[in-house]
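Structure first, then comments.
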Amino acid sequence: MKRWSIFASTTAVIALLAGGCSSLDEHQREWIFQPSDRSWGNTADQTAGMEQVWIDFRSSLTGEPARLHGLWLGNKPESADTPVLLYLHGARYNVNGSAPRIRRMHELGFSVLAIDYRGFGKSTKGLPSEDTAREDARAAWTWLAARHPQQRRYIFGHSLGGAIGIDLAASVKDESGVIVEGTFTSISDVVSSFKWGWLPFEPFITQPFDALAKVKDIGAPLLVVHGALDNLIRPELGRKLYDAATDPKMFVLVKGGSHHSTNTVGGTEYRAAVEQLFSVKAPDPAAPQQQATPGATPPRAAAMRPYDAGRQI
């Protein structure tokens, strides 16, 4: 919360006192992404068993080669029935810092590809922007689709990653479902929810991340998860995002969940929602895994009835 208050006041001062638009843009990108090579906890333990992945492409924005570093945590054995998920993390920490949440999504039945945007971790250096993050997510999605063309593919985004994921889902047509956690409607709405939110920031925002305008264009089932105790991205923003989406969709408010703990505290709710909305069932650790019949068609989540688990708000 403190960091976003600093961002808000800094943006106002720059907008009113400084001259250069490029300087304002750079400050916003720095405060929104807080790019780094930092992660918390014992990284070696967190990422044990995960495969290092490299995704190379040529940026249409710069015309230069770009490289993304990622982590892959697959299911064994993997079949045409195994769903795969693109994991898009939030600000500040690199992909290794998301390892616990990656494992929890894996435990729900997904094979997971998680990436660092340019500017984070071992990916190509540079100050990220909304445009470069959008391009990075699309490159990772293309990579995932090329290697798992027969499997259902899902998009997951936490916080800022949720806005990036919604942007991606609105522009592609081959996703089977989208999950966002602790995600906002727009940067403008986030700033407005803070102490200095009464100031006229919107005309000076260069990185809008307007997920609210794009969520209606998602053509797959959408799961919006939010912690009831999230003081950074308030639950009302998650609910507003859900309300703007088209069916089928589900909103889950996790009691006791904060911006960083919802995925842990809400494990039971997550499991039930993923199974009901997407027909993805978490594997039973005690049951032997069986190879699915090649070419079998998995159930379509879009055929399920819309369900709203978030009537608490």
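Starting from 1 in every chain, residues are counted up; chains themselves are A, B, ... following the order of the structure tokens, and ligands are numbered from 1 as listed.
Running DSSP on the backbone gives strand (DSSP E or B) for these residues within range 109-303 of chain A: Ser111, Val112, Leu113, Ala114, Ile115, Arg153, Tyr154, Ile155, Phe156, Gly157, His158, Gly177, Val178, Ile179, Val180, Glu181, Leu222, Leu223, Val224, Val225, His226, Gly227, Lys249, Met250, Phe251, Val252, Leu253 and Val254 of chain A.
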Next, dump the selected residues to file, keeping only N, CA and C atoms, as a PDB file, in the first residue's frame.
ATOM      1  N   SER A 111      -0.406 -28.568 -15.935  1.00  0.00           N
ATOM      2  CA  SER A 111       1.012 -28.403 -16.229  1.00  0.00           C
ATOM      3  C   SER A 111       1.212 -26.909 -16.413  1.00  0.00           C
ATOM      4  N   VAL A 112       2.274 -26.360 -15.830  1.00  0.00           N
ATOM      5  CA  VAL A 112       2.393 -24.902 -15.733  1.00  0.00           C
ATOM      6  C   VAL A 112       3.662 -24.385 -16.403  1.00  0.00           C
ATOM      7  N   LEU A 113       3.497 -23.371 -17.260  1.00  0.00           N
ATOM      8  CA  LEU A 113       4.604 -22.583 -17.781  1.00  0.00           C
ATOM      9  C   LEU A 113       4.496 -21.192 -17.159  1.00  0.00           C
ATOM     10  N   ALA A 114       5.523 -20.780 -16.429  1.00  0.00           N
ATOM     11  CA  ALA A 114       5.561 -19.444 -15.829  1.00  0.00           C
ATOM     12  C   ALA A 114       6.736 -18.680 -16.420  1.00  0.00           C
ATOM     13  N   ILE A 115       6.543 -17.421 -16.756  1.00  0.00           N
ATOM     14  CA  ILE A 115       7.595 -16.647 -17.423  1.00  0.00           C
ATOM     15  C   ILE A 115       7.942 -15.375 -16.654  1.00  0.00           C
ATOM     16  N   ARG A 153      -5.613 -25.167 -23.056  1.00  0.00           N
ATOM     17  CA  ARG A 153      -4.652 -24.195 -22.563  1.00  0.00           C
ATOM     18  C   ARG A 153      -5.373 -23.068 -21.824  1.00  0.00           C
ATOM     19  N   TYR A 154      -4.845 -22.729 -20.658  1.00  0.00           N
ATOM     20  CA  TYR A 154      -5.452 -21.735 -19.779  1.00  0.00           C
ATOM     21  C   TYR A 154      -4.467 -20.612 -19.492  1.00  0.00           C
ATOM     22  N   ILE A 155      -5.010 -19.472 -19.106  1.00  0.00           N
ATOM     23  CA  ILE A 155      -4.209 -18.303 -18.743  1.00  0.00           C
ATOM     24  C   ILE A 155      -4.472 -17.979 -17.282  1.00  0.00           C
ATOM     25  N   PHE A 156      -3.400 -17.778 -16.521  1.00  0.00           N
ATOM     26  CA  PHE A 156      -3.513 -17.378 -15.117  1.00  0.00           C
ATOM     27  C   PHE A 156      -2.682 -16.125 -14.884  1.00  0.00           C
ATOM     28  N   GLY A 157      -3.246 -15.148 -14.187  1.00  0.00           N
ATOM     29  CA  GLY A 157      -2.499 -13.947 -13.854  1.00  0.00           C
ATOM     30  C   GLY A 157      -2.762 -13.518 -12.434  1.00  0.00           C
ATOM     31  N   HIS A 158      -1.681 -13.174 -11.722  1.00  0.00           N
ATOM     32  CA  HIS A 158      -1.805 -12.664 -10.362  1.00  0.00           C
ATOM     33  C   HIS A 158      -1.529 -11.168 -10.364  1.00  0.00           C
ATOM     34  N   GLY A 177      -9.824 -21.209 -20.876  1.00  0.00           N
ATOM     35  CA  GLY A 177     -10.287 -20.551 -19.672  1.00  0.00           C
ATOM     36  C   GLY A 177      -9.243 -19.579 -19.155  1.00  0.00           C
ATOM     37  N   VAL A 178      -9.684 -18.670 -18.287  1.00  0.00           N
ATOM     38  CA  VAL A 178      -8.820 -17.630 -17.731  1.00  0.00           C
ATOM     39  C   VAL A 178      -9.061 -17.553 -16.228  1.00  0.00           C
ATOM     40  N   ILE A 179      -7.973 -17.419 -15.465  1.00  0.00           N
ATOM     41  CA  ILE A 179      -8.048 -17.240 -14.016  1.00  0.00           C
ATOM     42  C   ILE A 179      -7.255 -15.998 -13.662  1.00  0.00           C
ATOM     43  N   VAL A 180      -7.869 -15.076 -12.915  1.00  0.00           N
ATOM     44  CA  VAL A 180      -7.145 -13.915 -12.407  1.00  0.00           C
ATOM     45  C   VAL A 180      -7.345 -13.837 -10.901  1.00  0.00           C
ATOM     46  N   GLU A 181      -6.284 -13.480 -10.206  1.00  0.00           N
ATOM     47  CA  GLU A 181      -6.316 -13.403  -8.743  1.00  0.00           C
ATOM     48  C   GLU A 181      -5.760 -12.068  -8.278  1.00  0.00           C
ATOM     49  N   LEU A 222     -14.291 -17.423 -17.327  1.00  0.00           N
ATOM     50  CA  LEU A 222     -13.404 -16.579 -16.526  1.00  0.00           C
ATOM     51  C   LEU A 222     -13.655 -16.816 -15.044  1.00  0.00           C
ATOM     52  N   LEU A 223     -12.573 -17.084 -14.309  1.00  0.00           N
ATOM     53  CA  LEU A 223     -12.620 -17.219 -12.852  1.00  0.00           C
ATOM     54  C   LEU A 223     -11.891 -16.029 -12.241  1.00  0.00           C
ATOM     55  N   VAL A 224     -12.611 -15.233 -11.453  1.00  0.00           N
ATOM     56  CA  VAL A 224     -12.022 -14.091 -10.758  1.00  0.00           C
ATOM     57  C   VAL A 224     -11.964 -14.429  -9.271  1.00  0.00           C
ATOM     58  N   VAL A 225     -10.756 -14.453  -8.709  1.00  0.00           N
ATOM     59  CA  VAL A 225     -10.549 -14.789  -7.298  1.00  0.00           C
ATOM     60  C   VAL A 225      -9.957 -13.579  -6.593  1.00  0.00           C
ATOM     61  N   HIS A 226     -10.472 -13.279  -5.409  1.00  0.00           N
ATOM     62  CA  HIS A 226      -9.959 -12.126  -4.664  1.00  0.00           C
ATOM     63  C   HIS A 226      -9.980 -12.431  -3.173  1.00  0.00           C
ATOM     64  N   GLY A 227      -8.984 -11.928  -2.461  1.00  0.00           N
ATOM     65  CA  GLY A 227      -8.941 -12.067  -1.015  1.00  0.00           C
ATOM     66  C   GLY A 227      -9.755 -10.975  -0.351  1.00  0.00           C
ATOM     67  N   LYS A 249     -18.838 -17.395 -16.098  1.00  0.00           N
ATOM     68  CA  LYS A 249     -17.858 -16.766 -15.232  1.00  0.00           C
ATOM     69  C   LYS A 249     -18.166 -17.123 -13.789  1.00  0.00           C
ATOM     70  N   MET A 250     -17.192 -16.873 -12.915  1.00  0.00           N
ATOM     71  CA  MET A 250     -17.361 -17.157 -11.500  1.00  0.00           C
ATOM     72  C   MET A 250     -16.524 -16.173 -10.700  1.00  0.00           C
ATOM     73  N   PHE A 251     -17.064 -15.704  -9.582  1.00  0.00           N
ATOM     74  CA  PHE A 251     -16.325 -14.842  -8.667  1.00  0.00           C
ATOM     75  C   PHE A 251     -16.219 -15.535  -7.322  1.00  0.00           C
ATOM     76  N   VAL A 252     -15.005 -15.658  -6.813  1.00  0.00           N
ATOM     77  CA  VAL A 252     -14.764 -16.304  -5.524  1.00  0.00           C
ATOM     78  C   VAL A 252     -14.080 -15.315  -4.598  1.00  0.00           C
ATOM     79  N   LEU A 253     -14.717 -14.970  -3.502  1.00  0.00           N
ATOM     80  CA  LEU A 253     -14.135 -14.113  -2.484  1.00  0.00           C
ATOM     81  C   LEU A 253     -13.630 -15.005  -1.356  1.00  0.00           C
ATOM     82  N   VAL A 254     -12.329 -14.970  -1.123  1.00  0.00           N
ATOM     83  CA  VAL A 254     -11.704 -15.848  -0.130  1.00  0.00           C
ATOM     84  C   VAL A 254     -11.600 -15.118   1.201  1.00  0.00           C
TER      85      VAL A 254
END
What's around Arg271 in chain A at 12 Å? Count only C-alpha atoms, leave out sequence neighbours fewer than 2 positions away in its own chain, and write the answer as a list in words.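 The contact residues come out as Arg104, Met105, His106, Glu107, Leu108, Gly109, Phe110, Leu223, Val225, Val252, Asn263, Thr264, Val265, Gly266, Gly267, Thr268, Glu269, Ala273, Val274, Glu275, Gln276, Leu277, Phe278, Ser279, Val280, Lys281, Ala282 and Pro283 of chain A.
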Output file for the selection above: C-alpha atoms, as a PDB file, in the first residue's frame:
ATOM      1  CA  ARG A 104      -0.410 -24.913  -6.054  1.00  0.00           C
ATOM      2  CA  MET A 105      -1.760 -24.483  -9.580  1.00  0.00           C
ATOM      3  CA  HIS A 106       0.078 -27.659 -10.544  1.00  0.00           C
ATOM      4  CA  GLU A 107      -1.576 -29.468  -7.634  1.00  0.00           C
ATOM      5  CA  LEU A 108      -4.946 -28.469  -9.096  1.00  0.00           C
ATOM      6  CA  GLY A 109      -4.153 -30.523 -12.197  1.00  0.00           C
ATOM      7  CA  PHE A 110      -2.360 -28.119 -14.553  1.00  0.00           C
ATOM      8  CA  LEU A 223     -12.620 -17.219 -12.852  1.00  0.00           C
ATOM      9  CA  VAL A 225     -10.549 -14.789  -7.298  1.00  0.00           C
ATOM     10  CA  VAL A 252     -14.764 -16.304  -5.524  1.00  0.00           C
ATOM     11  CA  ASN A 263      -3.941 -18.752  -3.287  1.00  0.00           C
ATOM     12  CA  THR A 264      -2.944 -20.548  -0.065  1.00  0.00           C
ATOM     13  CA  VAL A 265      -5.856 -19.657   2.197  1.00  0.00           C
ATOM     14  CA  GLY A 266      -8.399 -20.322  -0.537  1.00  0.00           C
ATOM     15  CA  GLY A 267      -7.147 -23.735  -1.606  1.00  0.00           C
ATOM     16  CA  THR A 268     -10.506 -25.437  -1.087  1.00  0.00           C
ATOM     17  CA  GLU A 269     -12.412 -22.703  -2.926  1.00  0.00           C
ATOM     18  CA  ALA A 273     -14.139 -23.473  -8.679  1.00  0.00           C
ATOM     19  CA  VAL A 274     -11.600 -24.908 -11.124  1.00  0.00           C
ATOM     20  CA  GLU A 275     -13.435 -28.226 -11.205  1.00  0.00           C
ATOM     21  CA  GLN A 276     -16.867 -26.674 -11.663  1.00  0.00           C
ATOM     22  CA  LEU A 277     -16.040 -23.935 -14.170  1.00  0.00           C
ATOM     23  CA  PHE A 278     -13.313 -25.644 -16.200  1.00  0.00           C
ATOM     24  CA  SER A 279     -13.922 -29.362 -15.552  1.00  0.00           C
ATOM     25  CA  VAL A 280     -10.307 -29.618 -14.378  1.00  0.00           C
ATOM     26  CA  LYS A 281     -10.096 -32.046 -11.505  1.00  0.00           C
ATOM     27  CA  ALA A 282      -7.126 -32.150  -9.186  1.00  0.00           C
ATOM     28  CA  PRO A 283      -5.397 -35.531  -9.282  1.00  0.00           C
TER      29      PRO A 283
END
Range 139-147 of chain A: which residues within 9 Å, counting only C-alpha atoms, same-chain residues fewer than 2 positions away excluded, as a ChimeraX atom specification? /A:55-57,68,84-86,113-115,134-137,149-151,153,155,168,174
Same residues, C-alpha atoms, saved as a PDB file, in the first residue's frame:
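Writing done, so here's part.pdb:
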ATOM      1  CA  ILE A  55      11.661 -18.474 -25.260  1.00  0.00           C
ATOM      2  CA  ASP A  56      13.330 -16.567 -28.097  1.00  0.00           C
ATOM      3  CA  PHE A  57      11.535 -14.205 -30.479  1.00  0.00           C
ATOM      4  CA  LEU A  68      12.251 -14.793 -21.928  1.00  0.00           C
ATOM      5  CA  VAL A  84      -1.634 -26.602 -19.525  1.00  0.00           C
ATOM      6  CA  LEU A  85      -1.525 -23.152 -17.982  1.00  0.00           C
ATOM      7  CA  LEU A  86       0.436 -19.977 -18.740  1.00  0.00           C
ATOM      8  CA  LEU A 113       4.604 -22.583 -17.781  1.00  0.00           C
ATOM      9  CA  ALA A 114       5.561 -19.444 -15.829  1.00  0.00           C
ATOM     10  CA  ILE A 115       7.595 -16.647 -17.423  1.00  0.00           C
ATOM     11  CA  ARG A 134       1.735  -7.718 -23.757  1.00  0.00           C
ATOM     12  CA  GLU A 135       4.224  -8.867 -26.390  1.00  0.00           C
ATOM     13  CA  ASP A 136       6.000 -11.158 -23.900  1.00  0.00           C
ATOM     14  CA  ALA A 137       2.747 -12.832 -22.866  1.00  0.00           C
ATOM     15  CA  PRO A 149      -1.465 -28.107 -29.554  1.00  0.00           C
ATOM     16  CA  GLN A 150      -3.813 -30.928 -28.507  1.00  0.00           C
ATOM     17  CA  GLN A 151      -4.254 -29.874 -24.887  1.00  0.00           C
ATOM     18  CA  ARG A 153      -4.652 -24.195 -22.563  1.00  0.00           C
ATOM     19  CA  ILE A 155      -4.209 -18.303 -18.743  1.00  0.00           C
ATOM     20  CA  LEU A 168      -3.881 -11.702 -23.856  1.00  0.00           C
ATOM     21  CA  ASP A 174      -7.696 -20.647 -28.482  1.00  0.00           C
TER      22      ASP A 174
END
Considering only C-alpha atoms, return as a ChimeraX atom specification whatever protein or nucleic-acid residues lie within 10 Å of Thr47 in chain A, sequence-local ones (same chain, fewer than 6 positions apart) excluded. /A:71-73,95-100,102-103
Residues at most 7 Å from Lys216 in chain A, counting only C-alpha atoms, excluding those fewer than 5 positions away in the same chain, as a list in words? Ala244, Ala245 and Thr246 of chain A
With all heavy atoms retained, write the just-selected residues as a compact mmCIF listing (two decimals), in the first residue's frame.
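Okay, out_5.txt is ready:
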# COMPACT_ATOMS: atom_id res chain seq x y z
N ALA A 244 -18.23 -6.98 -15.32
CA ALA A 244 -18.12 -6.53 -16.71
C ALA A 244 -17.88 -7.68 -17.68
O ALA A 244 -18.01 -7.49 -18.90
CB ALA A 244 -16.98 -5.52 -16.84
N ALA A 245 -17.54 -8.85 -17.17
CA ALA A 245 -17.25 -10.01 -18.03
C ALA A 245 -18.53 -10.68 -18.50
O ALA A 245 -19.60 -10.52 -17.91
CB ALA A 245 -16.38 -11.01 -17.27
N THR A 246 -18.41 -11.45 -19.58
CA THR A 246 -19.55 -12.19 -20.10
C THR A 246 -19.55 -13.62 -19.53
O THR A 246 -18.52 -14.11 -19.07
CB THR A 246 -19.49 -12.26 -21.64
OG1 THR A 246 -18.24 -12.84 -22.04
CG2 THR A 246 -19.59 -10.87 -22.24
Test item: residues at most 9 Å from Ser186 in chain A, only C-alpha atoms, excluding those fewer than 4 positions along its chain, as a count of residues only: 10
Would you please work out which residue, of A:Leu229, A:Ser79, A:Gly238, A:Pro35, is nearest to Gly257 in chain A when using only C-alpha atoms?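 Smallest separation from Gly257 in chain A among the options: A:Leu229.
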Please measure the separation of CA of Arg152 in chain A and CA of Gly219 in chain A, giving the value in Å to one decimal.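 So the two atoms, CA of Arg152 in chain A and CA of Gly219 in chain A, lie 14.2 Å apart.
The coordinates place CA of Gly256 in chain A at 20.5 Å from CA of Gly162 in chain A.
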Using only C-alpha atoms, the best pick from A:Arg67, A:Lys255, A:Arg92, A:Lys76 as closest to Ser36 in chain A would be A:Arg92
With distances taken over only C-alpha atoms, which residue among A:Val53, A:Ile187, A:Ala91, A:Ile233 lies nearest Leu160 in chain A? A:Ala91
CA of Tyr242 in chain A and CA of Thr132 in chain A, how far apart in Å?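 Answer for the CA of Thr132 in chain A to CA of Tyr242 in chain A separation: 25.6 Å.
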